[in-house]
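A.B. asks: This is start_2.tsv (TSV, C-alpha atoms and all ligand atoms).
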chain	number	residue	atom	x	y	z
A	1	MET	CA	0.00	0.00	0.00
A	2	GLY	CA	1.00	3.64	-0.30
A	3	PHE	CA	0.13	6.62	-2.42
A	4	GLU	CA	1.36	5.14	-5.72
A	5	THR	CA	-0.76	2.00	-5.26
A	6	ASP	CA	-3.89	3.95	-4.40
A	7	PHE	CA	-3.21	6.42	-7.19
A	8	GLU	CA	-2.83	3.69	-9.84
A	9	LYS	CA	-6.00	2.04	-8.54
A	10	TRP	CA	-7.83	5.36	-8.82
A	11	LYS	CA	-6.67	5.76	-12.42
A	12	ALA	CA	-7.96	2.31	-13.34
A	13	GLU	CA	-11.23	2.48	-11.38
A	14	TYR	CA	-12.22	6.12	-11.75
A	15	PHE	CA	-10.19	8.18	-14.15
A	16	GLY	CA	-10.20	5.84	-17.16
A	17	GLY	CA	-14.00	5.88	-17.11
A	18	TYR	CA	-14.07	9.67	-16.91
A	19	CYS	CA	-11.80	9.95	-19.96
A	20	MET	CA	-13.88	7.50	-21.94
A	21	THR	CA	-17.36	8.71	-21.10
A	22	LYS	CA	-17.31	12.27	-19.82
A	23	CYS	CA	-14.49	14.12	-21.52
A	24	ASP	CA	-15.58	16.12	-24.57
A	25	THR	CA	-12.17	17.47	-25.40
A	26	THR	CA	-9.86	14.44	-25.08
A	27	CYS	CA	-6.12	14.82	-25.05
A	28	CYS	CA	-5.90	12.45	-28.04
A	29	ASP	CA	-7.04	15.43	-30.12
A	30	MET	CA	-3.93	17.46	-30.89
A	31	GLN	CA	-6.03	20.60	-31.13
A	32	ASN	CA	-6.07	20.53	-27.35
A	33	VAL	CA	-2.57	19.44	-26.50
A	34	SER	CA	0.62	18.46	-28.25
A	35	LEU	CA	2.10	15.03	-27.71
A	36	TYR	CA	5.70	14.58	-26.59
A	37	VAL	CA	7.25	11.33	-27.78
A	38	ASN	CA	10.56	9.60	-28.40
A	39	GLY	CA	11.58	8.19	-31.79
A	40	ASN	CA	10.18	4.71	-31.18
A	41	GLU	CA	6.86	6.10	-29.96
A	42	LEU	CA	6.69	8.38	-32.99
A	43	ALA	CA	7.25	5.42	-35.32
A	44	GLU	CA	4.60	3.41	-33.46
A	45	ILE	CA	2.02	6.13	-33.99
A	46	TYR	CA	2.86	6.71	-37.65
A	47	GLY	CA	3.43	3.06	-38.55
A	48	GLY	CA	7.13	3.45	-39.25
A	49	LYS	CA	9.90	5.99	-39.43
A	50	ILE	CA	9.04	9.32	-41.00
A	51	ASN	CA	11.40	11.23	-43.20
A	52	PRO	CA	12.21	14.55	-41.46
A	53	GLU	CA	11.34	16.26	-44.75
A	54	ASN	CA	7.72	15.27	-44.04
A	55	PHE	CA	7.67	16.51	-40.46
A	56	LYS	CA	6.09	19.86	-41.31
A	57	GLU	CA	3.10	18.44	-43.19
A	58	THR	CA	2.43	15.93	-40.40
A	59	GLY	CA	2.74	18.48	-37.59
A	60	ILE	CA	5.86	16.95	-36.09
A	61	LYS	CA	8.56	19.10	-34.56
A	62	SER	CA	11.93	18.10	-33.17
A	63	ALA	CA	11.97	18.90	-29.48
A	64	LYS	CA	14.84	20.49	-27.59
A	65	ALA	CA	15.75	17.20	-25.91
A	66	MET	CA	17.77	14.96	-28.21
A	67	GLY	CA	15.70	12.25	-29.92
A	68	MET	CA	12.38	13.67	-28.72
A	69	TYR	CA	9.53	15.06	-30.81
A	70	SER	CA	6.39	17.07	-30.37
A	71	ILE	CA	3.29	16.18	-32.40
A	72	GLU	CA	1.18	19.26	-33.07
A	73	SER	CA	-0.97	17.92	-35.87
A	74	LYS	CA	-4.17	19.85	-34.97
A	75	CYS	CA	-6.23	16.71	-35.51
A	76	PHE	CA	-6.91	13.47	-33.68
A	77	CYS	CA	-3.96	11.21	-33.04
A	78	ARG	CA	-3.67	8.53	-35.73
A	79	LYS	CA	-4.12	5.87	-33.08
A	80	PHE	CA	-7.37	7.28	-31.71
A	81	ASP	CA	-10.45	5.38	-32.84
A	82	GLU	CA	-13.18	8.01	-33.01
A	83	SER	CA	-16.01	5.47	-33.11
A	84	THR	CA	-15.02	3.72	-29.88
A	85	ARG	CA	-13.04	6.67	-28.41
A	86	LYS	CA	-10.29	4.23	-27.57
A	87	CYS	CA	-6.58	4.17	-28.20
A	88	LEU	CA	-5.66	1.48	-30.73
A	89	ILE	CA	-2.29	0.95	-29.08
A	90	TYR	CA	-3.42	1.38	-25.48
A	91	ASP	CA	-1.00	-1.17	-23.99
A	92	ARG	CA	1.89	0.33	-25.94
A	93	ARG	CA	0.90	3.99	-25.73
A	94	PRO	CA	3.65	6.58	-25.19
A	95	VAL	CA	4.82	7.46	-21.71
A	96	SER	CA	3.39	10.98	-21.97
A	97	CYS	CA	-0.05	9.48	-22.77
A	98	ARG	CA	0.23	7.35	-19.64
A	99	GLU	CA	1.20	10.25	-17.44
A	100	TYR	CA	-1.02	13.04	-18.82
A	101	PRO	CA	-2.58	15.08	-17.19
A	102	LEU	CA	-1.28	14.16	-13.74
A	103	LEU	CA	1.96	15.11	-12.11
A	104	VAL	CA	2.70	13.95	-8.59
A	105	GLU	CA	4.68	16.33	-6.40
A	106	LYS	CA	5.70	16.04	-2.75
A	107	ASP	CA	2.67	17.87	-1.40
A	108	ALA	CA	0.39	17.96	-4.41
A	109	VAL	CA	-1.14	16.19	-7.34
A	110	VAL	CA	-1.10	18.56	-10.30
A	111	ILE	CA	-3.78	18.29	-12.97
A	112	LYS	CA	-2.79	20.03	-16.20
A	113	SER	CA	-5.23	22.81	-16.92
A	114	GLY	CA	-6.00	21.43	-20.42
A	115	CYS	CA	-7.83	18.52	-18.80
A	116	PRO	CA	-11.47	19.19	-17.91
A	117	LEU	CA	-11.66	16.87	-14.88
A	118	THR	CA	-13.92	18.93	-12.63
A	119	LYS	CA	-14.40	19.32	-8.91
A	120	GLY	CA	-17.99	18.13	-8.99
A	121	ASP	CA	-17.17	14.77	-10.53
A	122	PRO	CA	-16.94	11.62	-8.36
A	123	ALA	CA	-13.54	10.83	-9.91
A	124	TYR	CA	-12.20	14.19	-8.75
A	125	LYS	CA	-13.72	13.77	-5.28
A	126	LYS	CA	-12.12	10.33	-4.94
A	127	LEU	CA	-8.75	11.75	-5.96
A	128	VAL	CA	-9.06	14.47	-3.30
A	129	GLU	CA	-9.84	11.75	-0.74
A	130	ILE	CA	-6.79	9.67	-1.69
A	131	ALA	CA	-4.45	12.66	-1.95
A	132	SER	CA	-5.47	14.02	1.45
A	133	LEU	CA	-4.69	10.65	3.07
A	134	TYR	CA	-1.08	11.25	2.05
A	135	GLY	CA	-0.95	14.97	2.82
A	136	LYS	CA	-1.34	16.17	-0.75
A	137	VAL	CA	-3.64	18.77	-2.27
A	138	ILE	CA	-5.00	18.91	-5.81
A	139	VAL	CA	-3.74	21.76	-7.96
A	140	LYS	CA	-4.68	22.76	-11.53
A	141	ARG	CA	-1.78	24.22	-13.47
A	142	ALA	CA	-0.71	24.71	-17.11
A	201	LIG	S1	-8.28	15.64	-21.37
A	201	LIG	FE1	-8.24	14.71	-19.32
A	201	LIG	S2	-10.24	13.74	-19.06
A	201	LIG	FE2	-9.96	14.19	-21.24
A	201	LIG	S3	-9.16	12.27	-22.12
A	201	LIG	FE3	-7.41	13.59	-21.57
A	201	LIG	S4	-6.81	13.00	-19.51
A	201	LIG	FE4	-8.86	12.21	-19.89
A	202	LIG	S1	-1.23	7.12	-28.63
A	202	LIG	FE1	-3.25	6.58	-27.89
A	202	LIG	S2	-3.46	7.57	-25.89
A	202	LIG	FE2	-1.75	8.54	-26.98
A	202	LIG	S3	-2.64	10.32	-28.03
A	202	LIG	FE3	-2.65	8.60	-29.47
A	202	LIG	S4	-4.66	7.66	-29.22
A	202	LIG	FE4	-4.31	8.96	-27.45
Translate the structure described by the file into C-alpha cells.
Ligand code: SF4
Ligand code: SF4

C.D. replies:
Amino acid sequence: MGFETDFEKWKAEYFGGYCMTKCDTTCCDMQNVSLYVNGNELAEIYGGKINPENFKETGIKSAKAMGMYSIESKCFCRKFDESTRKCLIYDRRPVSCREYPLLVEKDAVVIKSGCPLTKGDPAYKKLVEIASLYGKVIVKRA
C-alpha cells in the first residue's frame, strides 16, 4: 500500500472511465494538446519511421531534448479510434499518454489545466480523498 498504489488504482477504477465517457475534449485530439514522444513512440504512432522532410506536413517538430519530438498535428492522433473513443495501441501507448494530465509532487497532485476533470465529478472527489490521506492537495496548473 501507499500513495502510488492507491493512485494507480484510482486511475484504473475512476479516471479511465471519466476519460472515456465524460471528456468532450480528449487529449488524443492534438487541437487541445501536443504530444511529446521519443523516436520509437513516434514510429509506433505513424506506422514506421518518418522522413524529417515530411515533419512539417504531419505536424511533427523536433523537441529540444535529443531524440524527442512534439506532435502538433491539430487533428486526432492517428491511433485514436473516433467510433469507440479508444486508443488502438493502449497497452503500448507513449509514456506521456500514460502520465497526462497528472503530475505527482511532494505535497500535491497537479492536474494540467487542459484537462477538464472537474471538482464536482466523483472521480475528482475520490482523488481528493486519496491525496489528502497522504498529505497532498490537488492543484490545476498549465
Ligand atoms: S483531457 Fe483529461 S479527461 Fe480528457 S481524455 Fe485527456 S486526460 Fe482524460
Ligand atoms: S497514442 Fe493513444 S493515448 Fe496517446 S494520443 Fe494517441 S490515441 Fe491517445

A.B. asks: Quote the spacing between CA of Gly47 (chain A) and CA of Arg98 (chain A) in Å to one decimal place.

C.D. replies: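 One can read the CA of Gly47 (chain A) to CA of Arg98 (chain A) distance as 19.7 Å.
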
A.B. asks: What gap, in Å, lies between CA of Gly16 (chain A) and CA of Thr58 (chain A)?

C.D. replies: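 Here the two named atoms are 28.3 Å from each other.
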
A.B. asks: Dump as a Markdown table the rows for residues of chain A within 8 Å of ligand LIG 201 (chain A): closest atom pair and distance in Å with one decimal, only C-alpha atoms and all ligand atoms counted, ordered by chain and rising residue number.

C.D. replies:
| residue | atom | partner | partner_atom | distance |
| --- | --- | --- | --- | --- |
| A:Phe15 | CA | A:LIG201 | FE4 | 7.1 |
| A:Gly16 | CA | A:LIG201 | FE4 | 7.1 |
| A:Tyr18 | CA | A:LIG201 | S2 | 6.0 |
| A:Cys19 | CA | A:LIG201 | FE4 | 3.7 |
| A:Met20 | CA | A:LIG201 | S3 | 6.7 |
| A:Lys22 | CA | A:LIG201 | S2 | 7.3 |
| A:Cys23 | CA | A:LIG201 | FE2 | 4.5 |
| A:Asp24 | CA | A:LIG201 | FE2 | 6.8 |
| A:Thr25 | CA | A:LIG201 | FE2 | 5.7 |
| A:Thr26 | CA | A:LIG201 | S3 | 3.7 |
| A:Cys27 | CA | A:LIG201 | FE3 | 3.9 |
| A:Cys28 | CA | A:LIG201 | FE3 | 6.7 |
| A:Tyr100 | CA | A:LIG201 | S4 | 5.8 |
| A:Pro101 | CA | A:LIG201 | S4 | 5.3 |
| A:Gly114 | CA | A:LIG201 | S1 | 6.3 |
| A:Cys115 | CA | A:LIG201 | FE1 | 3.9 |
| A:Pro116 | CA | A:LIG201 | FE1 | 5.7 |
| A:Leu117 | CA | A:LIG201 | S2 | 5.4 |

A.B. asks: So, counting only C-alpha atoms, which residue among A:Ile130, A:Ser83, A:Leu102, A:Gly120 is closest to Ala142 (chain A)?

C.D. replies: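 Among the listed residues, the smallest separation from Ala142 (chain A) belongs to A:Leu102.
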
A.B. asks: Which distance in Å separates CA of Gly67 (chain A) and atom FE2 of ligand LIG 202 (chain A), to one decimal?

C.D. replies: 18.1 Å

A.B. asks: Would you list the residues that come within 9 Å of ligand LIG 202 (chain A)? Count only C-alpha atoms and all ligand atoms and give the answer as a ChimeraX atom specification.

C.D. replies: /A:26-30,34-35,41,44-45,76-81,85-98

A.B. asks: Within 7 Å of Ile60 (chain A), counting only C-alpha atoms, which residues qualify if same-chain residues fewer than 2 places away don't, as an MDAnalysis selection string?

C.D. replies: chainID A and resid 55:56 58 62 69:73

A.B. asks: Find the residue from A:Phe7, A:Ala131, A:Thr84, A:Ala108 that sits nearest to Thr21 (chain A); use all atoms listed in the file when measuring.

C.D. replies: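 Ranked by minimum distance to Thr21 (chain A), first place goes to A:Thr84.
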
A.B. asks: Hey, which of A:Ile50, A:Val37, A:Val110, A:Ala43 ends up closest to Lys64 (chain A)? Count all atoms listed in the file.

C.D. replies: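 Closest to Lys64 (chain A), using all atoms listed in the file: A:Val37.
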
A.B. asks: Please provide as a ChimeraX atom specification all residues within 8 Å of Lys136 (chain A), with the sequence filter that same-chain residues fewer than 3 positions apart are discarded (counting only C-alpha atoms).

C.D. replies: /A:106-109,131-133

A.B. asks: I need the chosen residues saved as a tab-separated table (two decimals), in the frame of the given file, with C-alpha atoms.

C.D. replies:
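File again-v1.tsv, as written:
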chain	number	residue	atom	x	y	z
A	106	LYS	CA	5.70	16.04	-2.75
A	107	ASP	CA	2.67	17.87	-1.40
A	108	ALA	CA	0.39	17.96	-4.41
A	109	VAL	CA	-1.14	16.19	-7.34
A	131	ALA	CA	-4.45	12.66	-1.95
A	132	SER	CA	-5.47	14.02	1.45
A	133	LEU	CA	-4.69	10.65	3.07
